[in-house]
Every structure is written in structure tokens, then in C-alpha cells.
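K.L.:
File upload14.cif below, mmCIF, C-alpha atoms:
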```
data_run
loop_
_atom_site.label_atom_id
_atom_site.label_comp_id
_atom_site.auth_asym_id
_atom_site.auth_seq_id
_atom_site.Cartn_x
_atom_site.Cartn_y
_atom_site.Cartn_z
CA MET F 1 10.99 -129.38 -130.82
CA THR F 2 9.47 -132.88 -130.84
CA ILE F 3 5.83 -133.53 -131.67
CA GLN F 4 5.23 -134.40 -128.03
CA GLU F 5 6.72 -131.10 -126.90
CA LYS F 6 4.58 -129.21 -129.39
CA LEU F 7 1.44 -131.00 -128.24
CA SER F 8 2.28 -130.29 -124.58
CA LEU F 9 2.74 -126.62 -125.40
CA LEU F 10 -0.66 -126.54 -127.11
CA GLU F 11 -2.31 -128.42 -124.23
CA GLU F 12 -1.00 -125.78 -121.88
CA LEU F 13 -2.06 -122.95 -124.18
CA LEU F 14 -5.56 -124.33 -124.69
CA ASP F 15 -5.86 -125.34 -121.05
CA THR F 16 -6.84 -128.93 -121.89
CA GLU F 17 -6.01 -132.07 -119.86
CA LYS F 18 -2.55 -133.53 -120.40
CA ASP F 19 -2.18 -136.06 -123.27
CA THR F 20 -5.60 -135.28 -124.72
CA LEU F 21 -4.42 -133.75 -127.99
CA SER F 22 -3.16 -135.59 -131.05
CA GLU F 23 -2.20 -134.23 -134.44
CA GLU F 24 -5.53 -135.44 -135.80
CA THR F 25 -7.67 -133.65 -133.20
CA GLU F 26 -10.16 -131.41 -134.97
CA LEU F 27 -10.12 -127.85 -133.67
CA ASN F 28 -13.88 -127.49 -134.05
CA GLN F 29 -14.34 -130.39 -131.63
CA LEU F 30 -12.46 -128.57 -128.86
CA SER F 31 -14.60 -126.46 -126.53
CA GLN F 32 -11.45 -124.45 -125.71
CA TRP F 33 -10.99 -123.38 -129.35
CA ASP F 34 -12.47 -119.87 -129.08
CA SER F 35 -11.48 -116.28 -129.84
CA ILE F 36 -9.21 -116.13 -126.80
CA ALA F 37 -7.44 -119.31 -128.00
CA VAL F 38 -6.85 -117.69 -131.41
CA ILE F 39 -5.22 -114.66 -129.78
CA SER F 40 -3.15 -116.86 -127.43
CA LEU F 41 -1.95 -118.88 -130.44
CA ILE F 42 -0.90 -115.74 -132.35
CA ALA F 43 0.95 -114.58 -129.23
CA MET F 44 2.64 -117.98 -128.81
CA PHE F 45 3.90 -118.00 -132.42
CA ASP F 46 5.21 -114.46 -131.98
CA GLU F 47 6.88 -115.13 -128.63
CA THR F 48 8.21 -118.66 -128.96
CA PHE F 49 8.90 -118.90 -132.68
CA GLY F 50 9.32 -115.22 -133.66
CA LYS F 51 6.70 -115.80 -136.34
CA VAL F 52 3.84 -113.58 -137.45
CA VAL F 53 0.78 -115.74 -138.01
CA THR F 54 -2.21 -113.79 -139.27
CA PRO F 55 -5.74 -114.31 -137.92
CA LYS F 56 -6.70 -115.37 -141.47
CA GLU F 57 -4.13 -118.19 -141.36
CA VAL F 58 -5.34 -119.29 -137.93
CA LYS F 59 -8.90 -119.44 -139.26
CA SER F 60 -7.73 -121.80 -142.01
CA PHE F 61 -6.40 -124.30 -139.44
CA LYS F 62 -8.64 -127.38 -139.25
CA ILE F 63 -6.69 -129.91 -137.18
CA ILE F 64 -3.88 -129.69 -134.61
CA LYS F 65 -1.36 -130.81 -137.25
CA ASP F 66 -2.01 -127.57 -139.17
CA ILE F 67 -0.67 -125.77 -136.10
CA THR F 68 2.21 -128.10 -135.20
CA ASP F 69 3.48 -127.97 -138.81
CA LYS F 70 4.09 -124.25 -138.36
CA MET F 71 5.73 -124.56 -134.94
CA GLU F 72 9.32 -124.31 -136.10
CA MET H 1 7.84 -89.73 -141.52
CA ALA H 2 5.53 -88.15 -138.92
CA ILE H 3 8.12 -87.92 -136.20
CA GLY H 4 9.39 -84.74 -134.59
CA ILE H 5 9.75 -82.34 -131.70
CA LEU H 6 7.20 -79.85 -130.41
CA ASN H 7 9.14 -76.97 -128.88
CA ASP H 8 8.14 -74.53 -126.14
CA VAL H 9 5.11 -76.53 -125.01
CA GLU H 10 4.27 -77.88 -121.56
CA ILE H 11 1.45 -79.82 -119.91
CA LYS H 12 0.28 -77.69 -116.99
CA GLY H 13 -2.46 -79.92 -115.70
CA ILE H 14 -4.42 -83.15 -116.24
CA ALA H 15 -7.81 -83.97 -114.73
CA CYS H 16 -10.05 -86.99 -115.21
CA ALA H 17 -13.69 -87.56 -114.34
CA VAL H 18 -15.38 -90.97 -114.37
CA PRO H 19 -19.01 -91.87 -113.60
CA GLU H 20 -19.70 -92.80 -109.96
CA ASN H 21 -21.40 -95.98 -111.09
CA ALA H 22 -18.84 -98.85 -111.01
CA ARG H 23 -19.77 -102.30 -112.35
CA ASN H 24 -17.96 -105.50 -111.43
CA ASN H 25 -17.58 -108.00 -114.28
CA GLU H 26 -18.57 -110.78 -111.85
CA GLU H 27 -22.11 -109.49 -112.41
CA TYR H 28 -22.00 -111.01 -115.92
CA CYS H 29 -21.59 -114.59 -114.66
CA GLU H 30 -25.29 -115.31 -115.00
CA LEU H 31 -25.48 -113.93 -118.55
CA PHE H 32 -22.29 -115.39 -120.03
CA GLY H 33 -21.50 -118.25 -117.60
CA ALA H 34 -19.00 -118.05 -114.72
CA GLU H 35 -16.27 -119.97 -116.54
CA ASN H 36 -16.37 -117.67 -119.57
CA VAL H 37 -16.45 -114.53 -117.45
CA HIS H 38 -13.49 -115.64 -115.31
CA LYS H 39 -11.50 -116.60 -118.40
CA PHE H 40 -12.26 -113.16 -119.84
CA MET H 41 -11.30 -111.41 -116.58
CA ASN H 42 -8.02 -113.33 -116.33
CA MET H 43 -7.06 -112.50 -119.89
CA THR H 44 -8.13 -108.85 -120.00
CA GLY H 45 -7.38 -108.05 -116.36
CA ILE H 46 -10.62 -106.07 -116.19
CA LYS H 47 -12.38 -106.37 -112.83
CA THR H 48 -14.47 -103.22 -112.61
CA ARG H 49 -15.40 -100.34 -114.90
CA HIS H 50 -17.17 -97.03 -114.44
CA ILE H 51 -20.29 -96.75 -116.56
CA ALA H 52 -22.08 -93.51 -117.37
CA LEU H 53 -25.70 -92.87 -116.49
CA ASN H 54 -28.05 -92.86 -119.46
CA GLU H 55 -28.14 -89.06 -119.36
CA GLN H 56 -24.37 -88.66 -118.90
CA CYS H 57 -22.38 -87.90 -122.07
CA ALA H 58 -18.63 -87.90 -122.69
CA SER H 59 -18.90 -84.10 -122.81
CA ASP H 60 -20.37 -84.04 -119.28
CA LEU H 61 -17.38 -85.96 -117.92
CA CYS H 62 -14.96 -83.71 -119.84
CA TYR H 63 -16.83 -80.64 -118.58
CA VAL H 64 -16.39 -81.66 -114.93
CA ALA H 65 -12.70 -82.44 -115.48
CA ALA H 66 -12.08 -79.18 -117.40
CA LYS H 67 -13.95 -77.02 -114.88
CA ARG H 68 -11.91 -78.46 -111.98
CA LEU H 69 -8.68 -78.03 -113.93
CA LEU H 70 -9.33 -74.38 -114.85
CA GLU H 71 -10.08 -73.64 -111.18
CA LYS H 72 -6.95 -75.42 -109.98
CA LEU H 73 -4.74 -73.59 -112.48
CA ASN H 74 -6.48 -70.25 -111.91
CA TRP H 75 -6.97 -69.95 -115.65
CA GLU H 76 -9.58 -67.35 -116.58
CA PRO H 77 -11.95 -68.98 -119.11
CA ALA H 78 -11.29 -66.10 -121.53
CA SER H 79 -7.55 -66.93 -121.49
CA VAL H 80 -8.10 -70.30 -123.24
CA ASP H 81 -7.20 -69.85 -126.93
CA ALA H 82 -8.38 -73.25 -128.17
CA LEU H 83 -10.51 -76.19 -127.09
CA ILE H 84 -10.00 -79.52 -128.85
CA MET H 85 -12.52 -82.26 -128.13
CA ILE H 86 -11.55 -85.78 -129.19
CA THR H 87 -14.38 -88.27 -128.94
CA GLN H 88 -16.16 -91.01 -130.85
CA THR H 89 -19.30 -90.54 -128.78
CA PRO H 90 -20.19 -86.88 -129.42
CA ASP H 91 -23.35 -85.25 -128.06
CA TYR H 92 -24.83 -84.87 -131.54
CA ALA H 93 -24.04 -85.80 -135.13
CA VAL H 94 -24.08 -82.02 -135.65
CA PRO H 95 -22.81 -79.62 -134.20
CA ALA H 96 -19.34 -80.32 -132.84
CA THR H 97 -19.35 -81.09 -129.12
CA ALA H 98 -16.42 -78.65 -128.69
CA CYS H 99 -18.79 -75.75 -129.52
CA VAL H 100 -21.24 -76.86 -126.82
CA LEU H 101 -18.38 -77.10 -124.32
CA GLN H 102 -16.95 -73.70 -125.28
CA HIS H 103 -20.33 -72.29 -124.26
CA ARG H 104 -20.73 -74.39 -121.11
CA LEU H 105 -17.22 -73.62 -119.85
CA GLY H 106 -17.73 -69.91 -120.51
CA LEU H 107 -14.74 -69.65 -122.85
CA GLY H 108 -14.43 -66.51 -124.99
CA GLU H 109 -15.60 -66.01 -128.56
CA ASP H 110 -11.97 -65.78 -129.66
CA CYS H 111 -11.53 -69.41 -128.70
CA ILE H 112 -10.87 -71.96 -131.46
CA ALA H 113 -13.13 -75.00 -130.88
CA PHE H 114 -13.45 -78.19 -132.90
CA ASP H 115 -13.87 -81.96 -132.62
CA VAL H 116 -11.56 -84.73 -133.76
CA ASN H 117 -12.80 -88.28 -134.39
CA LEU H 118 -10.16 -90.68 -133.04
CA GLY H 119 -10.16 -93.39 -130.40
CA CYS H 120 -7.34 -95.34 -128.79
CA SER H 121 -4.56 -93.28 -130.44
CA ALA H 122 -6.21 -89.95 -129.56
CA TYR H 123 -3.88 -88.70 -126.82
CA ALA H 124 -0.77 -88.73 -129.00
CA TYR H 125 -2.68 -87.02 -131.81
CA GLY H 126 -4.20 -84.51 -129.38
CA LEU H 127 -0.87 -83.60 -127.78
CA TRP H 128 0.66 -83.20 -131.24
CA LEU H 129 -2.24 -81.02 -132.43
CA ALA H 130 -2.30 -78.84 -129.31
CA GLY H 131 1.50 -78.71 -129.26
CA THR H 132 1.68 -77.70 -132.92
CA MET H 133 -0.84 -74.90 -132.35
CA LEU H 134 1.13 -73.57 -129.39
CA SER H 135 4.59 -73.84 -130.90
CA THR H 136 3.74 -72.39 -134.32
CA GLN H 137 0.85 -69.99 -133.71
CA ASN H 138 0.29 -66.93 -131.61
CA LEU H 139 -1.64 -68.94 -129.01
CA ASN H 140 -0.78 -69.44 -125.34
CA ARG H 141 -3.26 -71.87 -123.84
CA VAL H 142 -5.00 -74.94 -125.24
CA LEU H 143 -7.48 -77.20 -123.48
CA LEU H 144 -7.37 -80.74 -124.84
CA LEU H 145 -10.43 -82.81 -123.92
CA LEU H 146 -10.74 -86.55 -124.50
CA GLY H 147 -13.85 -88.42 -123.52
CA ASP H 148 -15.98 -91.37 -124.48
CA THR H 149 -19.00 -93.23 -123.22
CA SER H 150 -18.13 -96.40 -125.13
CA ASN H 151 -20.70 -98.47 -123.25
CA TYR H 152 -23.47 -96.85 -125.27
CA GLY H 153 -23.44 -98.25 -128.79
CA ILE H 154 -22.41 -101.76 -127.86
CA ASN H 155 -24.59 -104.86 -127.66
CA PRO H 156 -24.93 -105.72 -123.93
CA ASN H 157 -25.33 -109.40 -124.91
CA ASP H 158 -22.10 -109.53 -126.93
CA SER H 159 -19.46 -111.01 -124.63
CA ALA H 160 -16.71 -109.62 -126.90
CA THR H 161 -17.57 -106.00 -126.07
CA ALA H 162 -19.98 -105.97 -123.09
CA MET H 163 -17.32 -106.37 -120.37
CA ILE H 164 -14.43 -104.35 -121.81
CA PHE H 165 -15.20 -100.66 -121.88
CA GLY H 166 -15.14 -98.03 -119.19
CA ASP H 167 -16.45 -94.48 -119.60
CA GLY H 168 -14.51 -91.36 -118.75
CA GLY H 169 -13.62 -87.79 -119.64
CA THR H 170 -10.28 -86.03 -119.30
CA ALA H 171 -8.92 -82.51 -119.62
CA THR H 172 -5.30 -81.65 -120.32
CA ALA H 173 -4.12 -78.03 -120.08
CA LEU H 174 -1.21 -77.12 -122.33
CA GLU H 175 0.64 -73.82 -122.33
CA LYS H 176 3.41 -72.15 -124.27
CA SER H 177 6.51 -72.57 -122.13
CA ALA H 178 10.03 -71.65 -123.23
CA GLY H 179 12.54 -74.49 -123.17
CA LYS H 180 10.00 -77.30 -122.65
CA SER H 181 9.36 -79.82 -125.40
CA MET H 182 7.75 -83.13 -126.38
CA LYS H 183 8.77 -85.66 -128.98
CA TYR H 184 6.15 -87.51 -131.00
CA PHE H 185 5.42 -90.04 -133.72
CA LEU H 186 2.08 -90.63 -135.48
CA LYS H 187 1.01 -93.37 -137.86
CA THR H 188 -2.06 -94.61 -139.76
CA LYS H 189 -3.08 -97.83 -141.49
CA GLY H 190 -6.49 -97.13 -142.96
CA SER H 191 -6.57 -100.49 -144.73
CA GLY H 192 -7.69 -101.83 -141.34
CA PHE H 193 -10.66 -99.46 -141.06
CA LYS H 194 -13.10 -102.36 -140.71
CA THR H 195 -11.21 -103.89 -137.76
CA ILE H 196 -13.05 -101.69 -135.25
CA ILE H 197 -16.16 -100.12 -136.74
CA VAL H 198 -19.72 -98.99 -136.21
CA PRO H 199 -20.93 -99.62 -139.79
CA ALA H 200 -24.30 -97.85 -139.76
CA GLY H 201 -25.75 -94.56 -138.59
CA HIS H 202 -23.84 -92.21 -140.85
CA ALA H 203 -23.60 -91.32 -144.54
CA ARG H 204 -22.21 -94.63 -145.86
CA SER H 205 -25.42 -96.45 -144.91
CA ARG H 206 -27.73 -93.66 -146.14
CA GLY H 207 -29.14 -95.50 -149.13
CA LYS H 208 -29.46 -98.90 -147.44
CA THR H 209 -32.87 -100.16 -146.45
CA ASP H 210 -31.99 -103.51 -144.87
CA ILE H 211 -29.74 -102.34 -142.03
CA LYS H 212 -29.54 -104.75 -139.09
CA VAL H 213 -29.59 -103.46 -135.51
CA SER H 214 -26.11 -104.95 -135.01
CA GLU H 215 -24.70 -102.59 -137.66
CA TYR H 216 -25.37 -99.66 -135.34
CA GLU H 217 -23.26 -101.36 -132.69
CA LEU H 218 -19.50 -101.45 -132.28
CA PHE H 219 -17.86 -104.36 -134.06
CA MET H 220 -14.35 -105.35 -133.06
CA ASN H 221 -12.22 -108.05 -134.66
CA GLY H 222 -10.16 -108.91 -131.58
CA SER H 223 -7.61 -111.15 -133.28
CA GLU H 224 -6.90 -108.57 -136.02
CA VAL H 225 -6.48 -105.82 -133.41
CA PHE H 226 -4.13 -108.05 -131.43
CA SER H 227 -2.11 -108.99 -134.49
CA PHE H 228 -1.72 -105.29 -135.41
CA THR H 229 -0.77 -104.33 -131.88
CA ILE H 230 1.99 -106.88 -131.44
CA THR H 231 3.62 -106.20 -134.80
CA ASP H 232 3.20 -102.54 -135.84
CA VAL H 233 3.17 -100.96 -132.39
CA PRO H 234 6.46 -102.29 -130.91
CA ARG H 235 8.18 -101.69 -134.26
CA ALA H 236 7.08 -98.03 -134.22
CA ILE H 237 8.07 -97.53 -130.57
CA LYS H 238 11.53 -99.04 -131.17
CA SER H 239 12.19 -96.89 -134.22
CA PHE H 240 10.91 -93.75 -132.39
CA MET H 241 13.23 -94.41 -129.45
CA SER H 242 16.21 -95.08 -131.65
CA HIS H 243 15.48 -91.99 -133.81
CA PHE H 244 15.80 -89.76 -130.73
CA ASN H 245 18.33 -91.93 -128.85
CA ILE H 246 15.89 -92.43 -126.02
CA ASP H 247 17.39 -95.00 -123.64
CA LYS H 248 14.77 -97.36 -122.32
CA ASN H 249 16.43 -97.34 -118.90
CA ASP H 250 15.82 -93.59 -118.66
CA ILE H 251 12.05 -93.96 -118.93
CA ASP H 252 10.38 -93.86 -115.52
CA LEU H 253 6.97 -95.02 -116.67
CA TYR H 254 5.47 -96.41 -119.88
CA VAL H 255 1.85 -95.39 -120.23
CA PHE H 256 0.17 -97.33 -123.01
CA HIS H 257 -3.43 -97.40 -124.15
CA GLN H 258 -5.18 -99.74 -121.73
CA ALA H 259 -6.52 -102.16 -124.35
CA ASN H 260 -6.37 -105.25 -122.16
CA LEU H 261 -3.83 -106.85 -119.83
CA PHE H 262 -2.85 -109.61 -122.27
CA ILE H 263 -1.89 -107.08 -124.97
CA LEU H 264 -0.10 -104.85 -122.44
CA LYS H 265 1.94 -107.75 -121.05
CA HIS H 266 2.83 -108.92 -124.52
CA LEU H 267 3.94 -105.42 -125.55
CA ALA H 268 6.05 -105.14 -122.40
CA LYS H 269 7.74 -108.45 -123.21
CA LYS H 270 8.43 -107.46 -126.81
CA LEU H 271 9.92 -104.15 -125.72
CA ASN H 272 11.81 -105.62 -122.71
CA ILE H 273 9.98 -103.38 -120.29
CA PRO H 274 9.84 -104.59 -116.68
CA MET H 275 6.22 -104.83 -115.51
CA GLU H 276 6.86 -102.35 -112.66
CA LYS H 277 7.54 -99.66 -115.27
CA LEU H 278 4.26 -100.32 -117.05
CA ALA H 279 1.35 -98.22 -115.77
CA LEU H 280 -1.88 -100.19 -115.31
CA SER H 281 -5.38 -98.90 -114.65
CA ILE H 282 -7.21 -101.48 -116.77
CA ASP H 283 -8.19 -103.59 -113.72
CA ARG H 284 -10.32 -100.81 -112.20
CA TYR H 285 -11.34 -98.68 -115.17
CA GLY H 286 -11.42 -101.08 -118.15
CA ASN H 287 -10.58 -99.99 -121.68
CA THR H 288 -11.46 -96.30 -121.72
CA SER H 289 -10.67 -95.63 -125.38
CA GLY H 290 -8.61 -92.50 -126.14
CA GLU H 291 -8.76 -91.15 -122.61
CA SER H 292 -7.08 -94.24 -121.15
CA ILE H 293 -3.61 -92.60 -121.20
CA PRO H 294 -4.49 -89.36 -119.35
CA LEU H 295 -6.78 -91.42 -117.05
CA THR H 296 -3.88 -93.74 -116.25
CA LEU H 297 -1.59 -90.74 -115.57
CA VAL H 298 -4.17 -89.37 -113.13
CA ASP H 299 -4.50 -92.82 -111.56
CA ALA H 300 -0.71 -93.05 -111.16
CA PHE H 301 0.10 -89.53 -110.01
CA GLY H 302 -3.12 -87.84 -108.92
CA THR H 303 -2.36 -87.93 -105.21
CA GLU H 304 -1.58 -85.06 -102.86
CA GLU H 305 1.96 -86.25 -102.19
CA SER H 306 2.95 -86.78 -105.87
CA ASN H 307 5.68 -84.50 -107.09
CA GLY H 308 8.97 -84.58 -108.94
CA THR H 309 9.74 -84.89 -112.62
CA VAL H 310 9.16 -88.14 -114.48
CA LYS H 311 10.18 -89.22 -117.98
CA LEU H 312 7.22 -90.78 -119.72
CA LEU H 313 6.69 -92.72 -122.88
CA LEU H 314 3.04 -92.65 -123.93
CA CYS H 315 1.62 -94.76 -126.74
CA GLY H 316 -1.92 -95.20 -128.04
CA PHE H 317 -3.03 -97.68 -130.70
CA GLY H 318 -6.27 -99.00 -132.14
CA VAL H 319 -9.32 -97.88 -134.13
CA GLY H 320 -8.42 -96.42 -137.53
CA LEU H 321 -6.13 -98.22 -137.51
CA SER H 322 -4.12 -95.45 -135.96
CA TRP H 323 -1.22 -95.26 -133.53
CA GLY H 324 1.11 -92.71 -132.06
CA GLY H 325 3.43 -92.00 -129.18
CA VAL H 326 4.85 -89.11 -127.18
CA TYR H 327 7.95 -88.82 -125.03
CA LEU H 328 7.93 -86.06 -122.45
CA GLU H 329 9.15 -84.99 -119.04
CA MET H 330 6.40 -83.94 -116.70
CA ASP H 331 6.01 -82.99 -113.06
CA LYS H 332 3.77 -85.54 -111.36
CA SER H 333 1.99 -82.77 -109.45
CA VAL H 334 0.22 -81.60 -112.63
CA CYS H 335 -2.20 -84.53 -112.19
CA LEU H 336 -5.31 -83.79 -110.12
CA PRO H 337 -6.96 -86.53 -108.04
CA MET H 338 -9.54 -88.72 -109.84
CA ILE H 339 -13.04 -87.18 -109.89
CA TYR H 340 -16.18 -89.34 -109.54
CA THR H 341 -19.36 -87.68 -110.77
CA ASN H 342 -22.99 -88.20 -111.74
CA GLU H 343 -23.29 -84.66 -113.11
CA TYR H 344 -24.83 -84.11 -116.53
CA PHE H 345 -26.04 -81.20 -118.68
CA ASP H 346 -29.76 -80.57 -118.63
CA GLY H 347 -29.72 -77.88 -121.32
CA GLY H 348 -28.97 -80.22 -124.23
#
```
Please render this file's structure as C-alpha cells.
P.N.:
Amino acid sequence: MTIQEKLSLLEELLDTEKDTLSEETELNQLSQWDSIAVISLIAMFDETFGKVVTPKEVKSFKIIKDITDKME
Amino acid sequence: MAIGILNDVEIKGIACAVPENARNNEEYCELFGAENVHKFMNMTGIKTRHIALNEQCASDLCYVAAKRLLEKLNWEPASVDALIMITQTPDYAVPATACVLQHRLGLGEDCIAFDVNLGCSAYAYGLWLAGTMLSTQNLNRVLLLLGDTSNYGINPNDSATAMIFGDGGTATALEKSAGKSMKYFLKTKGSGFKTIIVPAGHARSRGKTDIKVSEYELFMNGSEVFSFTITDVPRAIKSFMSHFNIDKNDIDLYVFHQANLFILKHLAKKLNIPMEKLALSIDRYGNTSGESIPLTLVDAFGTEESNGTVKLLLCGFGVGLSWGGVYLEMDKSVCLPMIYTNEYFDGG
């Protein structure tokens, strides 16, 4: 999956406008980054990548790159 | 492994009572903001919930359901050998609510009566407990009651819990019945005991002097609950089905704890269950804790014209952490129509 594809997937998941996310975007700056987003992200990792990501790991994510690095 | 068969046991009837008072989550738009409320409603699928009156306890809802069920089955109160009450919102800290209900329902002095403290997994545990009593002891009839008024004990200003819960009380009548059986599995992960917790109000906080009001309220770590549900629960269901060679195509209806729609959909996907085989009552009743499975059965089959045998896979999961499932064949006609009531006990 290319970086662009990963970012598109996250834009869809977080319900943000298209092409608004970059790898440097800080999660704390996103109004959509809430408890529902955390759950959606855990579900996405499980469903799309067959990966178990713990809530503790998600809490340690600071920027979008922390997420995209794990999307494999 | 806690997995096995309960022989010579049958569910003879299921009744459910909910408070008449229904609240639409749209009413929270002013408090939490329309966008947040709609996002919550889309994700959880919860539109309305039934909320108990201040005076109405879980036991009152169970009482109404049990009374109707005994009448329907023509069971003499004295013929009930045991009453099991499973609740996390009992009438009192002491005594057990089951004792109060034994009295109110006019059951005999030879009746075993006790409470069990479990939530979302309660129906599987209750069926196992009642089933074990019937299949191994000289008992013929057990009344299994599950009820909660989860809306009392939450912070009405906490958007994480204010719009989720519905209140309800259910009664399930089980009887010794040759040739009938149920299969079950039960599991526990107490390391997650803080995931869903009311920290204060009991012995652990006895010596503390600086207890905050919020510690008397239900705390739920939603992401931890979700993470547990999508990993441990499908794994347990798969291994249960393979242990007994239960073919997923043979199941007519999957009735899971109605936690929220997002979790239910995700579970269905992980287990390859088509959505039409997944029972849903969450939209109209919310998350009703342990009683959500019998409530959903009543919602699905509690109509005059319902009859015929169905193969069911039930699974509850949550607070504890605790989870369990039951596979059984049941005639749909055992479910009574949903009861709506404002009745409560004035002798308490």
C-alpha cells in the first residue's frame, strides 16, 4: 500500500476532507481524533491488516506517520 | 476448559419487562452538540432506550416479567425450586434481591434463592448455573431472573455512558426435560477488572476519605472493551463451535450481547455471519447489560404467530472481564410479548 493510499484510508476513517492529512499531521490537532476514532482505528488494523493494535499503543501515537508505519 | 453439555434441561418460557418511559437520543443534542450525538448514534446504532422511573428497580422489572411468565406457564409458585437473580443494580447492598423476590412472588420456603453479580456475560452464566442445578440435583424448576437499571449510577453529563444504557428485567423459566440439552462455554479475564468498574461504594473504598463523586459512577474504557471483544470473543466462539462441530450454516440466529452496533457488526464480519442472522434490538432498547440476550430473544420471537424450533447461538461479553456462550434449540413460542410497565414495589 502506498503512502497516498494509506492517507486516503485514514482520511476516510477519520472523516476528514480529502488530501488534508500528511504524515506530519499531529493527531492532537485533529478535531476528529476522539475516542470513536481510536476504536475505528483498532477495528481498521484488525480488519484490513489482521493486526491487533492495543489501545495503549494507539495512545502512544503522536503523528499520522506513527499510524502509517504500522499499516502493513 | 469450561466447556460442556447440560443434559435434560429445557427453557420453557422467557419474558421481558422494560419501563414505559422511552428516551430518544436526539434529546441529547443540546447537551452534547448535534454533531457529536449523531456520530454516536451512527456508531452505536442506539436511537431510543427505555429508562426506569426513579422508584423502579431492576427487581420490579424482573418481578413483572416473572409474574407474567408463571401465569402463562401455569406454574404454581410453590413448584419453583430455585430463583437466581443476576444483577449489578440490586435493591440493597444487603440482603440479596433474590430473597425479596422470593417473598414478593410468593415462592415457597423450600425455594433456593440467591444473587449473582455479573453483567454482559450473565445470561450464559445463568443458563449454565440453572442448567447445572437441574441436571445434577433433585430439582425440577428454576426461575432465572436478569435485570439492571444501568441508567442509575452513571453521570448524565458523561457522553461516554449517558446515551448507551437501557433498563430492563427478564425472567427465564427452566425445567428438567428428558432428552433436551444445551451446550456452553464460560471464560474470565479478571486482569481487566478495571475496564468497566464502579470504584467506590463498597468495601475497597472503606478507608478512603477523599473519594470523588465520579468514583461512585460507572467508568468504562471503551477502547479496551472493544479490543477485548474483537480478539477474545470471536476466538472463543470459533473454538466452541469447532469443539462441538457446530456448523455455522445450521445456526438460525446469533444472539449476542447488544453492546453497540459497531461491535456487533465487527463480530459478525470476523465470524462470517450474514447480518440477517444477527439479532438486533440495540436500536430501540440500547445496551441493556446482562438481560440484553433474553430481551433480544423476546424482541425477535415474542409475537403471537411465532412458533417452530430455532437453533440459537447466544454469546455475552463484557464487565469482569467475563464472557460465555450457549448453543441451544428452542421453540420460538416460549417467548412472551414484550411488557411495558411503570409498576414498582412500595413495600421496600
K.L.:
To one decimal place, how far is CA of Gly324 (chain H) from CA of Ala98 (chain H) in Å?
P.N.:
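Taking CA of Gly324 (chain H) and CA of Ala98 (chain H), their separation equals 22.7 Å.
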K.L.:
Using only C-alpha atoms, select each residue of chain H with any atom at most 8 Å away from an atom of chain F, and give the selection as a PyMOL selection string.
P.N.:
chain H and resi 222-224+226-227+231+266
K.L.:
For CA of Lys194 (chain H) and CA of Phe40 (chain H), determine how far apart the two atoms are, in Å to one decimal place.
P.N.:
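Pair CA of Lys194 (chain H) / CA of Phe40 (chain H) returns 23.5 Å.
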K.L.:
Translate the PyMOL selection byres ((chain F and resi 13-25) around 8) into a concrete residue list for this structure, as a JSON list (two decimals) with C-alpha atoms, keeping the file's coordinate frame.
P.N.:
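Output contents, as saved in out_29.json:
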```
[["chain", "number", "residue", "atom", "x", "y", "z"],
["F", 7, "LEU", "CA", 1.44, -131.00, -128.24],
["F", 8, "SER", "CA", 2.28, -130.29, -124.58],
["F", 9, "LEU", "CA", 2.74, -126.62, -125.40],
["F", 10, "LEU", "CA", -0.66, -126.54, -127.11],
["F", 11, "GLU", "CA", -2.31, -128.42, -124.23],
["F", 12, "GLU", "CA", -1.00, -125.78, -121.88],
["F", 26, "GLU", "CA", -10.16, -131.41, -134.97],
["F", 27, "LEU", "CA", -10.12, -127.85, -133.67],
["F", 29, "GLN", "CA", -14.34, -130.39, -131.63],
["F", 32, "GLN", "CA", -11.45, -124.45, -125.71],
["F", 33, "TRP", "CA", -10.99, -123.38, -129.35],
["F", 37, "ALA", "CA", -7.44, -119.31, -128.00],
["F", 40, "SER", "CA", -3.15, -116.86, -127.43],
["F", 41, "LEU", "CA", -1.95, -118.88, -130.44],
["F", 63, "ILE", "CA", -6.69, -129.91, -137.18],
["F", 64, "ILE", "CA", -3.88, -129.69, -134.61],
["F", 65, "LYS", "CA", -1.36, -130.81, -137.25],
["F", 68, "THR", "CA", 2.21, -128.10, -135.20]]
```
K.L.:
How big is the axis-aligned box, and where does its centre sit, when it encloses all atoms of region 187-191 of chain H listed in the file and has 3 Å added on every side, reported in Å to one decimal as JSON?
P.N.:
```
{"center_x": -2.8, "center_y": -96.9, "center_z": -141.3, "size_x": 13.6, "size_y": 13.1, "size_z": 12.9}
```
